[in-house]
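Data block for upload_14.cif (mmCIF, C-alpha atoms):
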data_model
#
loop_
_atom_site.label_atom_id
_atom_site.label_comp_id
_atom_site.auth_asym_id
_atom_site.auth_seq_id
_atom_site.Cartn_x
_atom_site.Cartn_y
_atom_site.Cartn_z
CA MET A 1 -56.67 -13.57 -80.83
CA ASN A 2 -56.95 -15.58 -77.62
CA VAL A 3 -54.51 -14.43 -74.94
CA LEU A 4 -54.15 -16.67 -71.90
CA LYS A 5 -53.27 -14.83 -68.70
CA ILE A 6 -51.08 -16.86 -66.37
CA ALA A 7 -49.27 -15.78 -63.20
CA ALA A 8 -45.85 -17.43 -63.06
CA PHE A 9 -43.91 -18.23 -59.86
CA SER A 10 -47.08 -17.77 -57.82
CA ASP A 11 -47.21 -18.26 -54.07
CA GLY A 12 -50.10 -20.69 -53.79
CA ALA A 13 -53.28 -19.10 -55.08
CA ALA A 14 -51.84 -15.58 -54.98
CA GLY A 15 -48.85 -13.57 -56.14
CA GLY A 16 -46.67 -14.37 -59.09
CA ASN A 17 -45.90 -12.36 -62.20
CA PRO A 18 -48.70 -12.22 -64.80
CA ALA A 19 -47.79 -12.97 -68.40
CA GLY A 20 -49.80 -13.09 -71.59
CA VAL A 21 -49.50 -16.29 -73.63
CA VAL A 22 -50.51 -16.52 -77.29
CA LEU A 23 -50.44 -19.95 -78.98
CA ALA A 24 -50.96 -19.45 -82.72
CA ASP A 25 -50.48 -21.27 -86.02
CA VAL A 26 -48.30 -18.42 -87.36
CA PHE A 27 -46.86 -15.30 -85.77
CA PRO A 28 -48.76 -12.06 -86.20
CA GLY A 29 -46.68 -9.25 -87.70
CA ASP A 30 -44.09 -7.62 -85.44
CA ALA A 31 -46.16 -4.47 -85.08
CA ASP A 32 -49.21 -6.54 -84.16
CA MET A 33 -47.29 -8.50 -81.51
CA GLN A 34 -45.99 -5.25 -80.04
CA ARG A 35 -49.52 -3.82 -80.04
CA ILE A 36 -50.99 -6.92 -78.40
CA ALA A 37 -48.30 -6.86 -75.69
CA ALA A 38 -49.07 -3.20 -74.99
CA GLU A 39 -52.80 -3.90 -74.85
CA VAL A 40 -52.36 -6.87 -72.50
CA GLY A 41 -50.26 -4.55 -70.33
CA PHE A 42 -48.26 -7.20 -68.47
CA SER A 43 -44.48 -6.93 -68.31
CA GLU A 44 -44.26 -9.68 -70.95
CA THR A 45 -46.45 -11.46 -73.49
CA VAL A 46 -45.03 -14.59 -75.13
CA PHE A 47 -45.98 -15.72 -78.64
CA ALA A 48 -45.42 -19.35 -79.67
CA VAL A 49 -46.04 -21.17 -82.95
CA PRO A 50 -45.41 -24.83 -83.80
CA ALA A 51 -41.98 -25.61 -85.24
CA ASP A 52 -40.42 -28.82 -86.56
CA ARG A 53 -39.43 -30.22 -83.17
CA GLY A 54 -41.23 -27.96 -80.75
CA TRP A 55 -42.19 -24.30 -80.64
CA ARG A 56 -40.74 -21.10 -82.05
CA VAL A 57 -41.03 -18.41 -79.37
CA ARG A 58 -40.81 -14.61 -79.18
CA TYR A 59 -41.27 -12.29 -76.18
CA PHE A 60 -42.63 -8.73 -76.15
CA SER A 61 -42.81 -6.23 -73.30
CA PRO A 62 -45.23 -3.31 -73.67
CA GLU A 63 -42.46 -1.30 -75.35
CA ALA A 64 -39.88 -3.67 -76.84
CA GLU A 65 -39.09 -7.22 -77.90
CA VAL A 66 -36.72 -9.00 -75.48
CA PRO A 67 -34.52 -12.03 -76.22
CA PHE A 68 -35.60 -14.15 -73.25
CA CYS A 69 -38.09 -13.88 -70.40
CA GLY A 70 -38.17 -16.45 -67.62
CA HIS A 71 -41.59 -15.83 -66.12
CA ALA A 72 -43.26 -15.80 -69.55
CA THR A 73 -41.50 -19.09 -70.33
CA ILE A 74 -42.92 -20.60 -67.14
CA ALA A 75 -46.34 -19.28 -68.16
CA LEU A 76 -45.86 -20.83 -71.62
CA GLY A 77 -44.94 -24.17 -70.04
CA ALA A 78 -48.14 -24.02 -68.00
CA ALA A 79 -50.21 -23.13 -71.08
CA LEU A 80 -48.72 -26.01 -73.07
CA ALA A 81 -49.38 -28.45 -70.22
CA ILE A 82 -52.99 -27.27 -70.05
CA SER A 83 -53.55 -27.43 -73.82
CA ARG A 84 -51.25 -30.30 -74.87
CA GLY A 85 -50.84 -32.36 -71.69
CA ASP A 86 -47.98 -32.71 -69.23
CA GLY A 87 -44.50 -32.95 -70.70
CA ALA A 88 -41.31 -31.23 -71.78
CA PHE A 89 -41.36 -28.91 -74.78
CA ALA A 90 -38.48 -27.72 -76.98
CA LEU A 91 -38.41 -23.96 -77.52
CA SER A 92 -36.47 -22.07 -80.17
CA LEU A 93 -35.84 -18.44 -79.14
CA ASN A 94 -34.31 -15.66 -81.22
CA ALA A 95 -30.79 -16.55 -80.09
CA ALA A 96 -31.00 -19.80 -78.12
CA ASP A 97 -32.69 -23.18 -77.89
CA ILE A 98 -34.11 -24.15 -74.49
CA THR A 99 -36.77 -26.40 -72.97
CA VAL A 100 -39.70 -25.92 -70.64
CA GLU A 101 -41.58 -28.58 -68.69
CA GLY A 102 -45.18 -28.26 -67.49
CA ARG A 103 -47.18 -30.46 -65.14
CA ARG A 104 -50.79 -29.93 -64.05
CA SER A 105 -51.97 -30.28 -60.47
CA GLU A 106 -55.24 -29.69 -58.62
CA GLY A 107 -57.45 -26.76 -59.51
CA ASN A 108 -55.91 -24.12 -61.76
CA ALA A 109 -52.36 -24.71 -60.51
CA VAL A 110 -49.54 -25.89 -62.76
CA TRP A 111 -45.88 -26.49 -61.97
CA ALA A 112 -43.32 -25.55 -64.61
CA ALA A 113 -39.54 -25.54 -65.01
CA LEU A 114 -37.33 -24.02 -67.66
CA GLN A 115 -33.76 -24.76 -68.68
CA SER A 116 -32.11 -21.40 -69.26
CA PRO A 117 -29.69 -20.44 -72.01
CA PRO A 118 -26.00 -20.66 -71.01
CA THR A 119 -24.84 -18.23 -68.32
CA ARG A 120 -21.90 -15.88 -67.94
CA SER A 121 -20.93 -12.98 -65.71
CA MET A 122 -18.29 -10.27 -65.42
CA PRO A 123 -17.54 -7.51 -62.89
CA ALA A 124 -19.38 -4.24 -63.43
CA THR A 125 -17.23 -1.24 -64.30
CA PRO A 126 -16.74 1.45 -61.64
CA GLN A 127 -18.60 3.94 -63.85
CA LEU A 128 -21.62 1.65 -64.23
CA ILE A 129 -21.70 1.01 -60.49
CA SER A 130 -21.55 4.74 -59.82
CA ASP A 131 -24.34 5.45 -62.31
CA VAL A 132 -26.62 2.75 -60.89
CA LEU A 133 -26.03 3.85 -57.28
CA ALA A 134 -26.95 7.39 -58.31
CA LEU A 135 -30.08 6.15 -60.10
CA PHE A 136 -31.39 4.43 -56.96
CA GLY A 137 -29.97 6.86 -54.41
CA TYR A 138 -27.77 4.24 -52.72
CA ALA A 139 -24.23 4.71 -51.41
CA VAL A 140 -21.28 2.32 -51.63
CA ASP A 141 -21.73 1.63 -47.88
CA ASP A 142 -25.19 0.19 -48.66
CA LEU A 143 -23.66 -2.60 -50.75
CA ASP A 144 -22.96 -6.16 -49.63
CA LEU A 145 -19.58 -6.59 -51.27
CA ALA A 146 -19.54 -10.33 -50.60
CA LEU A 147 -21.64 -10.25 -53.78
CA PRO A 148 -19.78 -7.72 -55.93
CA PRO A 149 -21.77 -5.74 -58.54
CA ALA A 150 -21.68 -7.61 -61.84
CA ARG A 151 -23.13 -7.89 -65.31
CA ILE A 152 -24.86 -11.26 -65.42
CA HIS A 153 -26.35 -13.16 -68.34
CA ALA A 154 -28.67 -16.09 -69.02
CA GLY A 155 -30.23 -15.29 -72.37
CA ALA A 156 -30.34 -11.56 -71.58
CA ASP A 157 -28.06 -9.09 -69.80
CA HIS A 158 -28.79 -7.86 -66.26
CA LEU A 159 -26.92 -6.00 -63.55
CA VAL A 160 -26.92 -7.43 -60.02
CA LEU A 161 -26.51 -5.11 -57.03
CA ALA A 162 -26.53 -6.72 -53.57
CA LEU A 163 -27.59 -4.71 -50.51
CA LYS A 164 -26.61 -5.25 -46.88
CA THR A 165 -30.12 -4.98 -45.44
CA ARG A 166 -33.66 -6.02 -46.25
CA ALA A 167 -34.76 -2.49 -45.34
CA GLY A 168 -32.43 -1.10 -47.98
CA LEU A 169 -34.04 -3.36 -50.55
CA ALA A 170 -37.53 -2.30 -49.44
CA SER A 171 -36.61 1.36 -50.00
CA MET A 172 -35.91 0.87 -53.73
CA ALA A 173 -37.01 3.89 -55.77
CA TYR A 174 -35.85 5.40 -59.06
CA ASP A 175 -36.96 7.55 -61.96
CA LEU A 176 -38.42 5.37 -64.73
CA GLU A 177 -37.23 7.51 -67.64
CA ALA A 178 -33.71 7.82 -66.22
CA GLY A 179 -33.66 4.07 -65.61
CA ARG A 180 -34.81 3.35 -69.15
CA ALA A 181 -32.09 5.58 -70.61
CA LEU A 182 -29.39 3.94 -68.48
CA MET A 183 -30.52 0.39 -69.25
CA LYS A 184 -30.79 1.01 -72.99
CA ARG A 185 -27.39 2.70 -73.04
CA GLU A 186 -25.79 -0.22 -71.20
CA GLY A 187 -27.74 -3.02 -72.90
CA LEU A 188 -29.32 -4.15 -69.62
CA VAL A 189 -32.76 -5.73 -69.73
CA THR A 190 -33.18 -5.42 -65.95
CA ILE A 191 -31.36 -4.33 -62.81
CA LEU A 192 -31.60 -6.94 -60.06
CA LEU A 193 -31.44 -5.62 -56.49
CA LEU A 194 -30.75 -8.33 -53.95
CA HIS A 195 -30.45 -9.11 -50.26
CA ALA A 196 -29.00 -12.43 -49.06
CA GLN A 197 -30.95 -13.64 -46.02
CA THR A 198 -28.91 -16.86 -46.00
CA LYS A 199 -26.49 -18.48 -48.42
CA GLN A 200 -29.43 -20.11 -50.21
CA LEU A 201 -32.34 -17.70 -49.64
CA PHE A 202 -32.45 -14.32 -51.36
CA HIS A 203 -34.93 -11.45 -51.45
CA ALA A 204 -35.02 -9.57 -54.74
CA ARG A 205 -36.51 -6.61 -56.55
CA ASN A 206 -36.15 -6.13 -60.26
CA ALA A 207 -36.28 -2.84 -62.16
CA PHE A 208 -37.47 -3.35 -65.74
CA ALA A 209 -37.47 0.18 -67.13
CA TYR A 210 -36.01 -1.18 -70.39
CA GLY A 211 -39.43 -2.68 -71.11
CA GLY A 212 -41.38 0.30 -69.78
CA VAL A 213 -42.19 -1.47 -66.50
CA TYR A 214 -41.15 0.04 -63.16
CA GLU A 215 -40.76 -3.28 -61.34
CA ASP A 216 -41.21 -6.96 -62.13
CA PRO A 217 -42.68 -9.16 -59.35
CA ALA A 218 -40.85 -12.30 -60.58
CA THR A 219 -37.97 -12.51 -63.04
CA GLY A 220 -36.90 -16.01 -64.06
CA ALA A 221 -34.24 -14.86 -66.53
CA ALA A 222 -32.53 -12.71 -63.90
CA THR A 223 -32.78 -15.56 -61.36
CA ALA A 224 -31.05 -17.91 -63.83
CA ALA A 225 -28.36 -15.29 -64.45
CA LEU A 226 -27.98 -14.78 -60.68
CA ALA A 227 -27.52 -18.52 -60.17
CA GLY A 228 -24.81 -18.62 -62.83
CA TYR A 229 -23.09 -15.63 -61.24
CA LEU A 230 -23.12 -17.28 -57.80
CA ARG A 231 -21.48 -20.33 -59.37
CA ASP A 232 -18.86 -18.12 -61.05
CA ILE A 233 -17.84 -16.38 -57.79
CA GLY A 234 -17.72 -19.60 -55.76
CA TRP A 235 -20.69 -18.72 -53.54
CA PRO A 236 -21.62 -21.65 -51.22
CA HIS A 237 -25.03 -22.20 -52.83
CA GLY A 238 -25.16 -25.95 -52.20
CA GLY A 239 -26.62 -26.58 -55.65
CA VAL A 240 -29.91 -24.74 -55.19
CA ILE A 241 -31.19 -21.27 -54.26
CA ASP A 242 -34.62 -19.85 -53.52
CA VAL A 243 -35.54 -16.29 -54.46
CA VAL A 244 -38.49 -14.40 -52.97
CA GLN A 245 -39.49 -11.48 -55.15
CA GLY A 246 -42.45 -9.11 -55.36
CA GLU A 247 -43.13 -8.87 -51.60
CA ASP A 248 -42.76 -5.11 -51.59
CA MET A 249 -45.31 -4.92 -54.42
CA GLY A 250 -47.85 -7.10 -52.63
CA MET A 251 -47.24 -9.83 -55.25
CA ARG A 252 -45.08 -12.37 -53.43
CA SER A 253 -43.40 -14.72 -55.88
CA CYS A 254 -41.28 -17.81 -55.26
CA LEU A 255 -38.52 -18.93 -57.63
CA ARG A 256 -36.15 -21.88 -57.28
CA ALA A 257 -32.91 -22.29 -59.25
CA GLU A 258 -30.90 -25.50 -59.42
CA ILE A 259 -27.20 -24.96 -60.11
CA PRO A 260 -25.07 -27.67 -61.72
CA ALA A 261 -21.31 -27.54 -61.20
CA GLN A 262 -20.22 -26.99 -64.80
CA PRO A 263 -19.35 -23.31 -65.40
CA GLY A 264 -21.63 -21.60 -67.89
CA SER A 265 -24.11 -24.45 -68.06
CA SER A 266 -27.89 -24.07 -68.14
CA ILE A 267 -29.78 -23.28 -64.94
CA ARG A 268 -33.08 -24.98 -64.10
CA VAL A 269 -35.59 -22.43 -62.78
CA SER A 270 -38.94 -23.66 -61.50
CA GLY A 271 -42.08 -22.56 -59.74
CA ALA A 272 -45.85 -22.73 -59.60
CA ALA A 273 -48.17 -21.02 -62.06
CA ARG A 274 -51.88 -20.28 -61.96
CA LEU A 275 -54.39 -19.54 -64.67
CA MET A 276 -55.91 -16.11 -64.15
CA ALA A 277 -59.42 -15.01 -65.03
CA THR A 278 -59.60 -13.55 -68.53
#
In structure tokens, how does this file's structure come out?
Amino acid sequence: MNVLKIAAFSDGAAGGNPAGVVLADVFPGDADMQRIAAEVGFSETVFAVPADRGWRVRYFSPEAEVPFCGHATIALGAALAISRGDGAFALSLNAADITVEGRRSEGNAVWAALQSPPTRSMPATPQLISDVLALFGYAVDDLDLALPPARIHAGADHLVLALKTRAGLASMAYDLEAGRALMKREGLVTILLLHAQTKQLFHARNAFAYGGVYEDPATGAATAALAGYLRDIGWPHGGVIDVVQGEDMGMRSCLRAEIPAQPGSSIRVSGAARLMAT
């Protein structure tokens, strides 16, 4: 089976988050998709088959199926643009219908944008905050409470934890097995650690122990959920935010989210993508 390898949200010819992309006539069996994702070894591999009005899509991490993955969707948009030509494509996920747009440019570069599932957010409970602080070794004084800890959602559930300093973000460390247990217990696909450089520019790190991955260098689903959360709390985002992720991994990634005014509405997340050597 041919697996395209595409880095989504790349920073020019470098960085980004690699994803596997499989375009097939029919889905392999669930066990086969899980095995292929584990063999590819990226944080996500996306499988897509033609459907009546677009594509039926499923996402697998090396250890589990997930309901939605932003960077793999961007990679899929790039793959469809390369194989089918520039355009917008309807995608049917396990629990939502979305779209992705892909447009080719010079060399191996492609630009892609997804429209996320609807968003929602709610304050994190004191117990969850305490457990997550203990997991990462942070204290309450490390938090930027202008962005209160919250459960955020855009097709999947995440926790956002904002830190006062960039140095605090750079020091992120945790035990993978403990993180996996906490995330599975709480139904969190990732934990998004964040530092606000300005009202519209954020630095992020994303723990993905749920999927057996220590850290994701670019997380489109969490960025969409973050954008919806900022809208919910009345953050002065001005309609658009930029997120820089993966710097501390040596895989700088650049994500942009456009935020319409309507509460709960879809977020447009976009970025560059590049075809990797197979």
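Applied to the shown file, the PyMOL selection byres ((chain A and resi 151-156) around 8) selects the residues A:Val66, A:Pro67, A:Phe68, A:Ala95, A:Ala96, A:Ser116, A:Pro117, A:Pro118, A:Thr119, A:Arg120, A:Ser121, A:Met122, A:Pro123, A:Ala124, A:Pro149, A:Ala150, A:Asp157, A:His158, A:Leu159, A:Val160, A:Leu188, A:Val189, A:Ala221, A:Ala222, A:Ala224, A:Ala225, A:Leu226, A:Gly228, A:Tyr229.
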> For the file shown, what are the residues hit by the PyMOL selection byres ((chain A and resi 49-61) around 8), laid out as number ranges by chain?
Replying inline: A: 23-27, 33-34, 37-38, 42-48, 62-69, 72, 89-94, 211-212
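With only C-alpha atoms as the atoms that count, the residue of A:Ser253, A:Arg35, A:Ser265, A:Arg274 with the shortest distance to Ala81 (chain A) is A:Arg274.
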>> Can you tell me which residues surround Leu194 (chain A) at a distance of at most 7 Å, considering only C-alpha atoms, apart from same-chain residues fewer than 4 positions away, and format the answer as a PyMOL selection string?
In response: chain A and resi 161-163+169+202-205
Those same residues, written as a CSV table (one decimal), keeping the file's coordinate frame with C-alpha atoms?
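Resulting contents of again33.csv:
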chain,number,residue,atom,x,y,z
A,161,LEU,CA,-26.5,-5.1,-57.0
A,162,ALA,CA,-26.5,-6.7,-53.6
A,163,LEU,CA,-27.6,-4.7,-50.5
A,169,LEU,CA,-34.0,-3.4,-50.6
A,202,PHE,CA,-32.4,-14.3,-51.4
A,203,HIS,CA,-34.9,-11.4,-51.4
A,204,ALA,CA,-35.0,-9.6,-54.7
A,205,ARG,CA,-36.5,-6.6,-56.6
>> Report, in Å to a single decimal, how far apart CA of Tyr174 (chain A) and CA of Phe136 (chain A) are.
In response: 5.0 Å
>> I'd like the neighbourhood of Gly168 (chain A) as a list in words, where a residue qualifies if any of its atoms comes within 10 Å (using only C-alpha atoms), though same-chain residues fewer than 2 positions away should be ignored.
In response: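 My reading of the contact set: Tyr138, Asp142, Leu143, Ala162, Leu163, Lys164, Thr165, Arg166, Ala170, Ser171, Met172, Leu193, Leu194 and His195 of chain A.
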Those same residues - C-alpha atoms - I'd like them written as a short mmCIF file (atom, residue, chain, number, x, y, z; two decimals), in the frame of the given file.
data_model
loop_
_atom_site.label_atom_id
_atom_site.label_comp_id
_atom_site.auth_asym_id
_atom_site.auth_seq_id
_atom_site.Cartn_x
_atom_site.Cartn_y
_atom_site.Cartn_z
CA TYR A 138 -27.77 4.24 -52.72
CA ASP A 142 -25.19 0.19 -48.66
CA LEU A 143 -23.66 -2.60 -50.75
CA ALA A 162 -26.53 -6.72 -53.57
CA LEU A 163 -27.59 -4.71 -50.51
CA LYS A 164 -26.61 -5.25 -46.88
CA THR A 165 -30.12 -4.98 -45.44
CA ARG A 166 -33.66 -6.02 -46.25
CA ALA A 170 -37.53 -2.30 -49.44
CA SER A 171 -36.61 1.36 -50.00
CA MET A 172 -35.91 0.87 -53.73
CA LEU A 193 -31.44 -5.62 -56.49
CA LEU A 194 -30.75 -8.33 -53.95
CA HIS A 195 -30.45 -9.11 -50.26
#
Repair of region 243-269 of chain A at the level of N, CA, C and O atoms, as a CSV table (one decimal), in the frame of the given file:
chain,number,residue,atom,x,y,z
A,243,VAL,N,-35.4,-17.7,-54.4
A,243,VAL,CA,-35.5,-16.3,-54.5
A,243,VAL,C,-37.0,-15.9,-54.2
A,243,VAL,O,-37.9,-16.4,-54.8
A,244,VAL,N,-37.2,-15.0,-53.2
A,244,VAL,CA,-38.5,-14.4,-53.0
A,244,VAL,C,-38.5,-13.0,-53.6
A,244,VAL,O,-37.7,-12.2,-53.2
A,245,GLN,N,-39.4,-12.7,-54.4
A,245,GLN,CA,-39.5,-11.5,-55.2
A,245,GLN,C,-40.9,-11.0,-55.1
A,245,GLN,O,-41.9,-11.7,-54.9
A,246,GLY,N,-41.1,-9.7,-55.3
A,246,GLY,CA,-42.4,-9.1,-55.4
A,246,GLY,C,-43.1,-8.8,-54.0
A,246,GLY,O,-44.2,-8.3,-54.0
A,247,GLU,N,-42.5,-9.1,-52.9
A,247,GLU,CA,-43.1,-8.9,-51.6
A,247,GLU,C,-43.5,-7.4,-51.4
A,247,GLU,O,-44.5,-7.1,-50.9
A,248,ASP,N,-42.6,-6.5,-51.8
A,248,ASP,CA,-42.8,-5.1,-51.6
A,248,ASP,C,-43.8,-4.5,-52.5
A,248,ASP,O,-44.2,-3.4,-52.4
A,249,MET,N,-44.2,-5.3,-53.5
A,249,MET,CA,-45.3,-4.9,-54.4
A,249,MET,C,-46.6,-5.5,-54.0
A,249,MET,O,-47.7,-5.3,-54.7
A,250,GLY,N,-46.6,-6.4,-53.0
A,250,GLY,CA,-47.8,-7.1,-52.6
A,250,GLY,C,-48.1,-8.2,-53.6
A,250,GLY,O,-49.3,-8.7,-53.7
A,251,MET,N,-47.1,-8.7,-54.3
A,251,MET,CA,-47.2,-9.8,-55.2
A,251,MET,C,-46.1,-10.9,-55.0
A,251,MET,O,-45.3,-11.1,-55.9
A,252,ARG,N,-46.2,-11.5,-53.8
A,252,ARG,CA,-45.1,-12.4,-53.4
A,252,ARG,C,-44.9,-13.5,-54.4
A,252,ARG,O,-45.9,-14.2,-54.8
A,253,SER,N,-43.7,-13.7,-54.9
A,253,SER,CA,-43.4,-14.7,-55.9
A,253,SER,C,-42.2,-15.6,-55.4
A,253,SER,O,-41.4,-15.1,-54.7
A,254,CYS,N,-42.3,-16.8,-55.8
A,254,CYS,CA,-41.3,-17.8,-55.3
A,254,CYS,C,-40.6,-18.5,-56.4
A,254,CYS,O,-41.3,-19.2,-57.2
A,255,LEU,N,-39.3,-18.4,-56.5
A,255,LEU,CA,-38.5,-18.9,-57.6
A,255,LEU,C,-37.4,-19.8,-57.0
A,255,LEU,O,-36.8,-19.5,-56.0
A,256,ARG,N,-37.2,-21.0,-57.7
A,256,ARG,CA,-36.2,-21.9,-57.3
A,256,ARG,C,-35.2,-22.1,-58.5
A,256,ARG,O,-35.7,-22.3,-59.6
A,257,ALA,N,-33.9,-22.0,-58.2
A,257,ALA,CA,-32.9,-22.3,-59.2
A,257,ALA,C,-32.0,-23.4,-58.8
A,257,ALA,O,-31.5,-23.4,-57.7
A,258,GLU,N,-31.8,-24.4,-59.7
A,258,GLU,CA,-30.9,-25.5,-59.4
A,258,GLU,C,-29.6,-25.3,-60.2
A,258,GLU,O,-29.7,-25.0,-61.4
A,259,ILE,N,-28.5,-25.4,-59.6
A,259,ILE,CA,-27.2,-25.0,-60.1
A,259,ILE,C,-26.2,-26.1,-60.3
A,259,ILE,O,-25.6,-26.6,-59.3
A,260,PRO,N,-26.1,-26.6,-61.5
A,260,PRO,CA,-25.1,-27.7,-61.7
A,260,PRO,C,-23.7,-27.1,-61.6
A,260,PRO,O,-23.4,-25.9,-61.7
A,261,ALA,N,-22.7,-28.0,-61.5
A,261,ALA,CA,-21.3,-27.5,-61.2
A,261,ALA,C,-20.6,-27.0,-62.4
A,261,ALA,O,-19.7,-26.1,-62.3
A,262,GLN,N,-21.0,-27.4,-63.6
A,262,GLN,CA,-20.2,-27.0,-64.8
A,262,GLN,C,-20.4,-25.5,-65.1
A,262,GLN,O,-21.5,-25.0,-65.3
A,263,PRO,N,-19.3,-24.8,-65.1
A,263,PRO,CA,-19.4,-23.3,-65.4
A,263,PRO,C,-20.1,-23.0,-66.7
A,263,PRO,O,-19.8,-23.7,-67.7
A,264,GLY,N,-20.9,-22.0,-66.7
A,264,GLY,CA,-21.6,-21.6,-67.9
A,264,GLY,C,-22.8,-22.4,-68.3
A,264,GLY,O,-23.5,-22.1,-69.2
A,265,SER,N,-23.0,-23.5,-67.6
A,265,SER,CA,-24.1,-24.4,-68.1
A,265,SER,C,-25.5,-23.9,-67.7
A,265,SER,O,-25.6,-23.0,-66.9
A,266,SER,N,-26.5,-24.5,-68.3
A,266,SER,CA,-27.9,-24.1,-68.1
A,266,SER,C,-28.3,-24.2,-66.7
A,266,SER,O,-27.9,-25.1,-66.0
A,267,ILE,N,-29.2,-23.3,-66.3
A,267,ILE,CA,-29.8,-23.3,-64.9
A,267,ILE,C,-31.2,-23.7,-65.1
A,267,ILE,O,-32.0,-23.2,-65.9
A,268,ARG,N,-31.7,-24.6,-64.2
A,268,ARG,CA,-33.1,-25.0,-64.1
A,268,ARG,C,-33.8,-24.1,-63.1
A,268,ARG,O,-33.5,-24.0,-61.9
A,269,VAL,N,-34.8,-23.3,-63.6
A,269,VAL,CA,-35.6,-22.4,-62.8
A,269,VAL,C,-37.0,-22.9,-62.8
A,269,VAL,O,-37.6,-23.2,-63.8
